[in-house]
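So this block is input.txt, compact mmCIF, C-alpha atoms and all ligand atoms:
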# COMPACT_ATOMS: atom_id res chain seq x y z
CA VAL A 1 -8.13 28.19 18.48
CA ARG A 2 -5.22 26.66 20.32
CA GLU A 3 -5.74 23.03 21.14
CA THR A 4 -6.06 22.45 24.87
CA ALA A 5 -7.30 19.53 26.89
CA LYS A 6 -10.73 21.15 26.81
CA THR A 7 -11.02 21.74 23.05
CA ARG A 8 -9.47 18.44 22.04
CA ALA A 9 -11.89 15.86 20.65
CA PRO A 10 -12.76 12.97 22.94
CA ALA A 11 -10.32 10.08 22.71
CA THR A 12 -13.06 7.59 21.85
CA PRO A 13 -12.28 6.40 18.34
CA GLU A 14 -14.89 6.54 15.62
CA ARG A 15 -16.85 3.31 15.31
CA SER A 16 -18.65 1.81 12.36
CA SER A 17 -22.25 0.66 12.47
CA VAL A 18 -21.75 -1.95 9.76
CA LYS A 19 -23.11 -5.33 10.88
CA LEU A 20 -20.75 -8.26 10.40
CA THR A 21 -22.08 -11.66 9.47
CA HIS A 22 -20.01 -14.62 10.79
CA PRO A 23 -17.88 -12.38 13.09
CA ASP A 24 -16.22 -15.46 14.60
CA ARG A 25 -15.03 -16.85 11.30
CA ILE A 26 -11.27 -17.43 11.50
CA TYR A 27 -9.37 -15.55 8.78
CA TRP A 28 -5.76 -16.11 9.96
CA PRO A 29 -5.74 -19.49 11.75
CA GLY A 30 -2.11 -19.26 12.91
CA GLU A 31 -2.78 -16.06 14.83
CA GLY A 32 -6.46 -16.69 15.60
CA VAL A 33 -7.52 -13.48 13.84
CA THR A 34 -11.26 -13.55 13.16
CA LYS A 35 -13.40 -11.43 10.87
CA GLU A 36 -14.40 -9.35 13.90
CA GLY A 37 -10.72 -9.06 14.87
CA LEU A 38 -10.02 -7.74 11.39
CA ALA A 39 -12.83 -5.16 11.73
CA ASP A 40 -11.39 -4.09 15.10
CA TYR A 41 -7.93 -3.74 13.53
CA TYR A 42 -9.21 -1.50 10.72
CA THR A 43 -11.26 0.58 13.17
CA GLU A 44 -8.09 1.11 15.17
CA VAL A 45 -5.96 2.18 12.18
CA TRP A 46 -8.75 4.16 10.48
CA LYS A 47 -7.29 7.63 10.95
CA TYR A 48 -3.92 6.47 9.62
CA ILE A 49 -5.15 4.47 6.65
CA ALA A 50 -7.92 6.86 5.54
CA PRO A 51 -5.77 9.15 3.31
CA PHE A 52 -4.57 6.12 1.35
CA VAL A 53 -7.85 4.28 0.78
CA VAL A 54 -10.60 6.92 0.64
CA GLY A 55 -11.63 8.26 -2.76
CA ARG A 56 -9.42 5.96 -4.84
CA PRO A 57 -10.25 3.05 -7.09
CA LEU A 58 -9.45 -0.11 -5.13
CA ALA A 59 -8.48 -3.60 -6.18
CA LEU A 60 -9.28 -6.11 -3.45
CA LEU A 61 -8.04 -9.51 -2.46
CA ARG A 62 -11.00 -11.38 -1.00
CA GLY A 63 -11.09 -14.63 0.89
CA PRO A 64 -14.47 -15.60 2.34
CA GLU A 65 -12.90 -18.60 4.10
CA GLY A 66 -9.81 -16.75 5.28
CA ILE A 67 -6.23 -17.08 4.06
CA THR A 68 -6.32 -20.87 3.80
CA GLY A 69 -9.34 -20.87 1.49
CA GLN A 70 -9.66 -19.70 -2.07
CA THR A 71 -8.86 -16.02 -2.64
CA PHE A 72 -9.84 -13.72 -5.49
CA PHE A 73 -8.11 -10.55 -6.71
CA GLN A 74 -10.96 -8.31 -7.84
CA LYS A 75 -10.72 -5.04 -9.71
CA HIS A 76 -14.44 -4.69 -10.35
CA ALA A 77 -17.54 -4.60 -8.21
CA TRP A 78 -19.38 -7.87 -7.64
CA LYS A 79 -22.87 -8.94 -6.64
CA GLY A 80 -23.58 -8.84 -2.91
CA LEU A 81 -21.10 -6.09 -2.20
CA ASN A 82 -21.74 -4.34 1.11
CA SER A 83 -23.91 -1.25 0.61
CA ASN A 84 -21.35 1.11 2.18
CA ILE A 85 -18.97 0.47 -0.68
CA VAL A 86 -19.12 3.05 -3.45
CA LEU A 87 -19.19 2.09 -7.12
CA VAL A 88 -17.24 4.38 -9.43
CA LYS A 89 -16.94 4.51 -13.19
CA ASP A 90 -13.55 4.67 -14.87
CA PRO A 91 -14.10 7.50 -17.36
CA THR A 92 -12.13 5.66 -20.04
CA ASP A 93 -13.84 2.29 -19.57
CA THR A 94 -16.16 1.31 -22.39
CA ASP A 95 -17.77 -1.55 -20.46
CA ASP A 96 -20.35 -1.25 -17.74
CA GLU A 97 -18.31 -2.82 -14.99
CA PRO A 98 -17.95 -0.34 -12.14
CA LEU A 99 -14.83 -0.10 -10.02
CA ILE A 100 -14.80 -0.04 -6.23
CA SER A 101 -14.15 2.84 -3.86
CA ILE A 102 -14.91 3.86 -0.28
CA ASP A 103 -15.68 7.21 1.34
CA ASP A 104 -15.62 6.53 5.08
CA LEU A 105 -15.09 4.12 7.96
CA ASP A 106 -18.34 2.31 7.14
CA GLY A 107 -16.93 1.69 3.68
CA LEU A 108 -13.74 0.25 5.17
CA ILE A 109 -15.66 -2.03 7.52
CA GLY A 110 -17.96 -2.81 4.57
CA LEU A 111 -14.85 -4.24 2.90
CA VAL A 112 -14.25 -6.45 5.93
CA GLN A 113 -17.89 -7.57 5.81
CA SER A 114 -17.24 -8.47 2.14
CA ALA A 115 -14.28 -10.66 3.21
CA VAL A 116 -11.56 -8.35 1.91
CA LEU A 117 -8.14 -9.46 3.21
CA GLU A 118 -5.94 -7.01 1.24
CA ILE A 119 -6.62 -3.49 -0.05
CA HIS A 120 -4.74 -2.32 -3.18
CA PRO A 121 -5.47 1.30 -4.17
CA TRP A 122 -4.59 3.07 -7.38
CA GLY A 123 -1.97 5.83 -7.21
CA SER A 124 -4.56 8.37 -8.35
CA THR A 125 -7.91 9.47 -6.92
CA VAL A 126 -11.40 9.35 -8.42
CA ALA A 127 -11.27 13.16 -8.40
CA ASN A 128 -8.25 13.07 -10.72
CA TRP A 129 -8.01 9.68 -12.43
CA GLU A 130 -5.31 10.58 -14.94
CA ARG A 131 -2.82 12.32 -12.64
CA PRO A 132 -1.36 10.22 -9.84
CA ASP A 133 -0.66 11.81 -6.49
CA MET A 134 1.89 9.22 -5.40
CA ILE A 135 4.45 6.89 -6.92
CA ILE A 136 5.67 3.63 -5.50
CA MET A 137 8.95 1.83 -6.06
CA ASP A 138 8.36 -1.79 -5.09
CA LEU A 139 11.59 -3.54 -4.09
CA ASP A 140 11.27 -7.25 -4.70
CA PRO A 141 14.26 -9.24 -3.44
CA GLY A 142 15.06 -12.36 -5.45
CA ASP A 143 16.21 -15.58 -3.81
CA GLY A 144 19.39 -15.20 -1.79
CA VAL A 145 19.24 -11.43 -1.21
CA ALA A 146 20.04 -10.46 2.38
CA TRP A 147 17.74 -8.07 4.19
CA ASP A 148 20.59 -5.57 4.61
CA GLU A 149 20.83 -5.30 0.85
CA VAL A 150 17.11 -4.62 0.55
CA ILE A 151 17.49 -1.81 3.09
CA ALA A 152 20.46 -0.43 1.11
CA GLY A 153 18.34 -0.60 -2.06
CA ALA A 154 15.55 1.38 -0.40
CA LEU A 155 18.02 4.04 0.78
CA GLU A 156 19.45 4.33 -2.71
CA THR A 157 15.95 4.64 -4.20
CA ARG A 158 15.22 7.39 -1.71
CA GLU A 159 18.42 9.19 -2.68
CA ARG A 160 17.62 9.02 -6.38
CA LEU A 161 14.10 10.30 -5.82
CA GLU A 162 15.51 13.10 -3.72
CA ARG A 163 17.91 14.07 -6.51
CA ALA A 164 14.88 14.23 -8.79
CA GLY A 165 13.20 16.59 -6.31
CA LEU A 166 10.89 14.16 -4.54
CA ASN A 167 10.51 13.32 -0.85
CA SER A 168 9.89 9.70 -0.11
CA PHE A 169 8.52 7.53 2.67
CA ILE A 170 9.18 3.90 3.53
CA LYS A 171 6.90 1.01 4.44
CA THR A 172 7.24 -2.72 4.83
CA SER A 173 5.21 -4.69 2.31
CA GLY A 174 3.99 -7.23 4.84
CA GLY A 175 5.42 -9.80 2.43
CA LYS A 176 9.03 -10.04 1.34
CA GLY A 177 10.10 -6.54 0.40
CA LEU A 178 9.92 -2.81 0.94
CA HIS A 179 7.96 -0.02 -0.72
CA VAL A 180 9.46 3.42 -1.24
CA VAL A 181 6.52 5.78 -1.71
CA ALA A 182 6.77 9.38 -2.90
CA PRO A 183 3.85 11.82 -2.75
CA VAL A 184 3.63 13.85 -5.95
CA LYS A 185 1.62 16.87 -7.03
CA PRO A 186 -1.05 15.52 -9.37
CA LYS A 187 0.31 17.30 -12.44
CA ALA A 188 2.05 14.71 -14.61
CA ALA A 189 -0.21 12.13 -16.30
CA TRP A 190 0.28 8.35 -16.04
CA PRO A 191 2.56 7.84 -19.09
CA GLU A 192 5.00 10.49 -17.89
CA VAL A 193 4.94 9.13 -14.34
CA LYS A 194 5.63 5.61 -15.57
CA ALA A 195 8.54 6.84 -17.71
CA PHE A 196 9.95 8.74 -14.72
CA THR A 197 9.90 5.67 -12.47
CA LYS A 198 11.26 3.43 -15.25
CA ALA A 199 14.21 5.79 -15.69
CA ILE A 200 15.05 5.47 -11.99
CA ALA A 201 14.76 1.67 -12.01
CA ASP A 202 16.78 1.39 -15.23
CA SER A 203 19.60 3.58 -14.00
CA MET A 204 19.82 1.66 -10.72
CA ALA A 205 20.08 -1.58 -12.74
CA SER A 206 22.65 -0.21 -15.16
CA ASP A 207 24.80 1.39 -12.43
CA SER A 208 24.73 -1.74 -10.20
CA PRO A 209 23.90 -4.70 -12.45
CA ASP A 210 25.06 -7.09 -9.75
CA ARG A 211 22.50 -5.73 -7.30
CA TYR A 212 19.43 -4.59 -9.22
CA VAL A 213 17.26 -5.56 -12.16
CA SER A 214 14.46 -3.49 -13.67
CA THR A 215 12.85 -6.13 -15.88
CA ILE A 216 10.56 -8.77 -14.50
CA THR A 217 12.25 -11.80 -16.16
CA LYS A 218 12.32 -14.26 -13.24
CA SER A 219 15.49 -16.06 -14.37
CA LYS A 220 17.52 -12.84 -14.06
CA ARG A 221 16.43 -12.12 -10.49
CA LYS A 222 18.41 -14.65 -8.47
CA GLY A 223 20.53 -12.77 -5.92
CA LYS A 224 19.21 -9.39 -7.10
CA ILE A 225 16.49 -6.95 -6.22
CA LEU A 226 13.84 -6.22 -8.80
CA ILE A 227 13.08 -2.51 -8.79
CA ASP A 228 9.45 -2.97 -9.76
CA TYR A 229 8.33 0.36 -11.19
CA LEU A 230 5.32 -1.15 -12.96
CA ARG A 231 2.99 -0.30 -10.09
CA ASN A 232 3.11 3.20 -11.61
CA GLN A 233 0.92 2.45 -14.52
CA ARG A 234 -2.71 3.40 -15.06
CA GLY A 235 -4.93 0.70 -13.56
CA MET A 236 -2.11 -0.94 -11.60
CA THR A 237 -2.17 -1.06 -7.83
CA ALA A 238 -0.01 -1.67 -4.79
CA VAL A 239 -0.99 -2.74 -1.31
CA ALA A 240 -2.09 0.18 0.91
CA PRO A 241 -0.19 1.30 4.00
CA TYR A 242 -1.75 -0.54 6.99
CA SER A 243 -3.45 -3.09 4.74
CA THR A 244 -3.38 -6.64 6.05
CA ARG A 245 -1.86 -9.38 3.90
CA ALA A 246 -3.56 -12.68 3.12
CA ARG A 247 -0.49 -14.63 4.15
CA PRO A 248 0.44 -16.64 7.24
CA GLY A 249 1.57 -14.40 10.10
CA ALA A 250 -1.19 -11.77 9.70
CA ALA A 251 1.42 -9.19 8.67
CA VAL A 252 0.47 -5.71 7.56
CA SER A 253 2.20 -3.18 5.32
CA MET A 254 3.64 -0.80 7.92
CA PRO A 255 4.77 2.82 7.38
CA LEU A 256 8.06 3.50 9.16
CA GLU A 257 10.38 6.36 9.89
CA TRP A 258 13.47 6.03 7.70
CA ASP A 259 15.64 5.51 10.77
CA GLU A 260 13.49 2.59 11.90
CA LEU A 261 14.68 0.73 8.82
CA THR A 262 17.08 -1.61 10.59
CA PRO A 263 17.87 -5.33 10.37
CA GLY A 264 15.65 -5.96 13.41
CA ILE A 265 12.51 -4.98 11.51
CA GLY A 266 11.86 -7.40 8.67
CA PRO A 267 9.27 -7.01 5.90
CA ALA A 268 6.57 -8.84 7.86
CA TYR A 269 7.54 -7.68 11.36
CA PHE A 270 4.35 -5.71 12.00
CA THR A 271 1.10 -7.62 12.22
CA VAL A 272 -2.57 -7.26 13.08
CA LEU A 273 -1.60 -8.32 16.60
CA ASN A 274 1.29 -5.91 17.37
CA THR A 275 0.14 -2.84 15.41
CA PRO A 276 -2.14 -1.41 18.15
CA THR A 277 0.81 -1.40 20.56
CA ARG A 278 3.02 0.25 17.97
CA LEU A 279 0.48 2.99 17.26
CA ALA A 280 -0.11 3.62 20.95
CA SER A 281 3.61 4.05 21.58
CA LEU A 282 4.42 6.27 18.56
CA LYS A 283 5.41 9.84 19.34
CA ARG A 284 4.22 10.86 15.91
CA ASP A 285 2.79 9.28 12.78
CA PRO A 286 5.88 8.50 10.62
CA TRP A 287 3.94 9.50 7.51
CA ALA A 288 2.22 12.56 9.03
CA ASP A 289 3.83 14.86 6.47
CA PHE A 290 3.11 12.63 3.50
CA ARG A 291 0.69 14.93 1.69
CA SER A 292 2.40 18.21 2.52
CA ALA A 293 5.71 16.76 1.26
CA ALA A 294 4.34 16.33 -2.29
CA ALA A 295 6.44 17.86 -5.06
CA PRO A 296 5.86 17.89 -8.81
CA ILE A 297 7.59 15.43 -11.11
CA GLU A 298 9.80 17.65 -13.24
CA LYS A 299 10.88 16.73 -16.71
CA SER A 300 14.55 16.90 -15.90
CA LYS A 301 17.54 16.66 -18.22
CA LYS A 302 19.61 15.30 -15.36
CA LYS A 303 19.86 11.53 -15.13
CA PRO A 304 18.18 10.16 -12.00
P1 LIG B 1 6.18 -8.48 -1.62
O1 LIG B 1 6.98 -7.65 -0.69
O2 LIG B 1 6.08 -9.90 -1.17
O3 LIG B 1 6.65 -8.32 -3.04
P2 LIG B 1 4.03 -6.91 -2.61
O4 LIG B 1 2.76 -6.39 -2.08
O5 LIG B 1 5.01 -5.89 -3.02
O6 LIG B 1 4.68 -7.89 -1.55
P3 LIG B 1 2.71 -8.87 -4.41
O7 LIG B 1 1.73 -9.29 -3.37
O8 LIG B 1 3.49 -9.94 -5.06
O9 LIG B 1 3.79 -7.82 -3.91
O10 LIG B 1 1.87 -8.11 -5.50
C1 LIG B 1 2.42 -7.26 -6.44
C2 LIG B 1 1.32 -6.35 -6.91
O11 LIG B 1 0.52 -6.98 -7.90
C3 LIG B 1 0.40 -5.95 -5.79
O12 LIG B 1 0.77 -4.70 -5.34
C4 LIG B 1 -1.00 -5.99 -6.38
O13 LIG B 1 -1.54 -4.69 -6.53
C5 LIG B 1 -0.85 -6.75 -7.64
N1 LIG B 1 -1.48 -8.05 -7.51
C6 LIG B 1 -1.45 -8.86 -6.45
N2 LIG B 1 -2.15 -10.00 -6.68
C7 LIG B 1 -2.60 -9.89 -7.94
C8 LIG B 1 -3.38 -10.73 -8.79
N3 LIG B 1 -3.83 -11.92 -8.38
N4 LIG B 1 -3.65 -10.29 -10.03
C9 LIG B 1 -3.19 -9.10 -10.46
N5 LIG B 1 -2.45 -8.25 -9.70
C10 LIG B 1 -2.16 -8.64 -8.47
MN MN B 2 6.85 -6.27 -3.88
MN MN B 3 6.42 -6.37 -7.40

Rewritten as structure tokens:
Amino acid sequence: VRETAKTRAPATPERSSVKLTHPDRIYWPGEGVTKEGLADYYTEVWKYIAPFVVGRPLALLRGPEGITGQTFFQKHAWKGLNSNIVLVKDPTDTDDEPLISIDDLDGLIGLVQSAVLEIHPWGSTVANWERPDMIIMDLDPGDGVAWDEVIAGALETRERLERAGLNSFIKTSGGKGLHVVAPVKPKAAWPEVKAFTKAIADSMASDSPDRYVSTITKSKRKGKILIDYLRNQRGMTAVAPYSTRARPGAAVSMPLEWDELTPGIGPAYFTVLNTPTRLASLKRDPWADFRSAAAPIEKSKKKP
């Protein structure tokens, strides 16, 4: 059926019925973002964020008192978790500690009710734990690296992925850097995926040793960009597209079109406050083709 004004779904966005306790609690004091404001933000971005947070194991940064209080990075379920959050069992885990997942908008708002300030999914789904469906190259600029150089690093990462047969997408981290994310067909298992991303990071570092490093030794990072490929390891996570960050400024990790990657848009440019305006003014979702662009990681003899 062709979509017409008549057949199109009503514009009213889906709403969650999850009850928030302490809705007026301030989570980001600088911006005045409350717990309820955070729930409204996630309701607004739900259709965009859903493919990246539903049905995956999630690590969560929680802060019951907001970003100025104590925060906890949690990979396992805890007591008092909102009932809309789904507990899942890592098939290789020998302990009884379940991991955390969500299935729907109530699950997402359940995370807000549980004081989650950042959402960090795995690169694989609970339907296919061992075979990731995306890889992420995390560009971490060391002290003294200009933003232009980080942009150039992202473009080079994209080019190398493309030469290896993968399409990639770009997002701000909401912190200091950029994330180049490539959807992959869930065929290769974690060790192969890690080796693939390590090879890209290593060849960037050996071709341009003045610009890039691929090892995490802090002392070697001054003036260079760490190509952090270690997100692509079983059990490791990276912040989700559209996730908020528990940092001053209420920034979010924002998916962009590649041609939006300009000096005017820094890593923390998009926030809880300006995202609704951005989404309303977009002609199309910059990551709309993310899943359909997935290609397999090929064991290639060519150097990346
Ligand atoms: P930036 O652009 O500032 O580097 P980022 O999201 O890429 O932002 P970090 O916030 O430094 O980087 O986190 C790096 C990764 O380590 C995150 O993607 C997260 O999944 C993981 N991580 C974050 N905090 C913790 C923690 N306390 N313990 C273990 N892993 C963590
Ligand atoms: Mn980073
Ligand atoms: Mn990193």

Handout entry: For range 51-66 of chain A: contacts at 6 Å, all atoms listed in the file, fewer than 4 positions along chain excluded, given as a ChimeraX atom specification
Key = /A:27,71-75,100-103,115-122,125-126

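Nearest-residue note for ligand MN 3 (chain B): choosing from A:Ala238, A:Val145, A:Ala205, A:Leu273, the minimum distance belongs to A:Ala238, counting all atoms listed in the file.
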
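Distances to Gly110 in chain A were evaluated for A:Val193, A:Ile85, A:Leu279, A:Leu261 using only C-alpha atoms, and the minimum falls at A:Ile85.
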
Each chain A residue no farther than 6 Å from ligand LIG 1 (chain B), nearest pair in Å, all atoms listed in the file, as CSV:
residue,atom,partner,partner_atom,distance
A:Phe73,CA,B:LIG1,N3,4.8
A:His120,CA,B:LIG1,O13,5.2
A:Asp138,CA,B:LIG1,O5,5.7
A:Asp140,CA,B:LIG1,O3,5.0
A:Ser173,CA,B:LIG1,O1,4.6
A:Gly175,CA,B:LIG1,O2,3.7
A:Lys176,CA,B:LIG1,O1,3.7
A:Gly177,CA,B:LIG1,O1,3.5
A:Leu178,CA,B:LIG1,O1,5.9
A:Thr237,CA,B:LIG1,O13,3.9
A:Ala238,CA,B:LIG1,O12,3.2
A:Val239,CA,B:LIG1,O12,4.8

Practice task
Find, counting all atoms listed in the file, the residue in A:Gly69, A:Gly30, A:Pro141, A:Gly37 that gets nearest to ligand MN 2 (chain B).
Solution key: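 Smallest distance to ligand MN 2 (chain B) is found for A:Pro141.
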
Exercise for the section: Please identify every polymer residue within 8 Å of ligand MN 3 (chain B), using all atoms listed in the file, and present the set as a VMD selection string. Expected result: chain A and resid 138 to 140 226 to 231
